[in-house]
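Beneath this line is the structure, given in structure tokens, with notes to follow.
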Amino acid sequence: MAVFSHELALFPLEREVLAASQLLSERNDWSLRLFVAWGSRQLNSPRALTLATQLLLELAQEQEQTAFMDPAVLASMRGRLHLVQGEVAMLMMRHEQAWDSLAKAGAEFGAYPNPIGLADLHWLSSCIRFDCGEVDLQRDALQSALDCADQANDGERQLFLRANLARSDLFRDFELAQATWSEQLPHSIEGLSPMCAAALADFRALEQGLADNYGEASRWLDWAYESSMETGQVRRAIAAASNQGYTYTSISDFESALRWLKKGLTLARKVQWPGAIGLCLAHTGEALRRVGQTESARELLRECLQTLQRHPHSRAAMMALNYLGQAELDDGHYAEALAHFELLGQRENLAHAPDMHSDVVLGRARALMHLKRLDEARTLALDAATAMAGQQQKVMLVELRQLLAEIERRGGGTPDMVLAWLNQALELAEAVAGYQTPASLLDAAADMLSQAGRFEQAYAMAQRAMAARQTAWNTSSKHSRQQAEVARNERQLARRLAQTNEERLLKLQGAHDQLQQLVIAGREIWRQPSPGLVFSALSRALKSLLDLEVLAIYRPRPGGQQLAMAESARGEHEGLAFEIAADALDGACASCWRDWVERSEPRDGQVLRMFTPMIGDDGNLGVLVLERAASAVWGQREQAALRHLSTDAAMSIQRALGT
């Protein structure tokens, strides 16, 4: 056994973690297992949790060996293992468990001077506070983490935490944060470690995004994503991909938005963290709303709010509520929209999230205008426009000025009075780099110019509006189907874009029918009262929809050391063992169980055997064994359908067993 005698990087390089994990079968010393557990907490959360739990148990049992260790080193090991457990619980949004693990870690780190351990503890605490929407407490935790890093004189953690503290401050007071932090932090990632580069790039991206400098924000987000993936910061990588999608959506570049939203959502669904999935659902819903897919957008946004219902003040939940209000406005449901924005305003005040305030004001003012409460709408919009004039939120100010023009028009204002607001909006829109002036703004200006008798200018403005609308139509028609596919779990592969309207409608109808079949099959599976009947219903559904033969389901025995065949098809086991060791190194079934990753192996050249994890509410509940023809078409749509139905079956079996 090698003695653990050094502190760990907050986020080790992924390649180092993977290399160390390969040695676990050859060397089983405690320090190596700790390093792999610590480095894998976001790369492979289930494995990290298993390693941490087992190692804590061994440290408690192997008193003869631990008696010869430095008590401070032993306490540091135990504390860090508790942090692994706490972070996995945090990622699954099980916050009570996370706080319990942090308390245990704090007791270990407090027993002996350990400022680095305490810095990491406060960092994790700040992440939990962020998920709960407690931005003031989040900042306090980050400051405590930075104080500990300063005490330890750990330069890497100091820079990492300062960048995160600066990013947090941008949400609270953009102008003050920019003045405080912009010159204190590097303006380049050159020479920085990947861990610090990810945090710095994330800060700079938000700084540029809030200032509506979308090109610069996108450039920084690229670096944030790559550096995050390199260091196992999967949570930050998902956020960076999702924010990149939102950035491109903001400038109507839906092709780039689609690529990044798909990347983020794929990664979020792989790790199965509710907060990450919620963030991606919110941004994807907004992208769908922007291209006119309001019904699909509404479904996704409601799914996001349902996923985060226990955390209504989280940032993702508040964004989803904002986007849902916008979708209701788009569909003319003005009273519902006003209710959403008023609720968002209450949550924004409680969460102390001032950057959301402009969304609340703009949404409320639009809803009030459509409800013919013009005086209230005008007062609200004027106050907001005055407050925002000296800030960096230029795109939001464009929308407010256009809204004030529309309120003026509906209130009987003269064309020149309306044009005064429209011209201010146009001037600002054209000054924002990368921003495409909305066709609706150009149309409104053309109409008012015509009413004012300035026909030549009105004609030129109408031509600009036509060109802007044509560009938007081309982009929308090219990518609307792809956006819908992302929102519906990527059920179909992208097909040729240049098709007639009739063909496109037929294909969309087919996608809708298949979704309906999945819903019906899921309901049938859910109605079954026993695991055996669930197995039968699942077998029928997979045969009907995907032409898959279901062979068996393996479930773990108590203790988790063995996987036992729980259900099988017609008593024919097709060469499958009745029991499999869960730690078997050469078995696809055991690997699938441990890593939550699909496995497959060829049988006779014509048949492919597949092993799929059955993910339920509380983790991996078993392994589903199937076969399909090796020549059969198998893509993202089929994979998504299989995962959907296997999850339905897992949850149904869990309910039937009363676990």
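Residue numbering restarts at 1 for every chain of the structure tokens, chains are lettered A, B, ... in their displayed order, and ligands are numbered from 1 as they appear.
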
Could you list, as a list in words, every residue within 8 Å of region 365-368 of chain A, counting only C-alpha atoms and ignoring same-chain residues fewer than 2 positions away?
Leu329, Tyr334, Ala335, Ala337, Leu338, Val361, Leu362, Gly363, His370, Leu371, Lys372, Arg373, Leu374, Glu376, Ala377, Arg378, Leu380, Ala381 and Leu403 of chain A

Can you tell me which residues surround Ala52 (chain A) at a distance of at most 8 Å, considering only C-alpha atoms, apart from same-chain residues fewer than 2 positions away, and format the answer as a PyMOL selection string?
chain A and resi 34+37+48-50+54-56+81-82+84-85

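Using only C-alpha atoms, the smallest distance between any of A:Met565, A:Ala630, A:Leu426, A:Ala89 and Asp604 (chain A) comes from A:Ala630.
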
Name all residues at most 7 Å from region 267-276 of chain A (count only C-alpha atoms; drop same-chain ones fewer than 6 positions away) and give them as number ranges by chain.
A: 91-93, 235, 238, 307

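The smallest atom-to-atom distance between Ala582 (chain A) and any of A:Leu548, A:Arg401, A:Gly622, A:Met466, using only C-alpha atoms, is found for A:Gly622.
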
I'd like to know which residues of region 266-439 of chain A are helix (DSSP H, G or I) (by DSSP, run on the backbone); could you write them as a PyMOL selection string?
chain A and resi 266-271+274-290+294-307+315-330+334-351+354-370+374-388+394-410+415-431+439
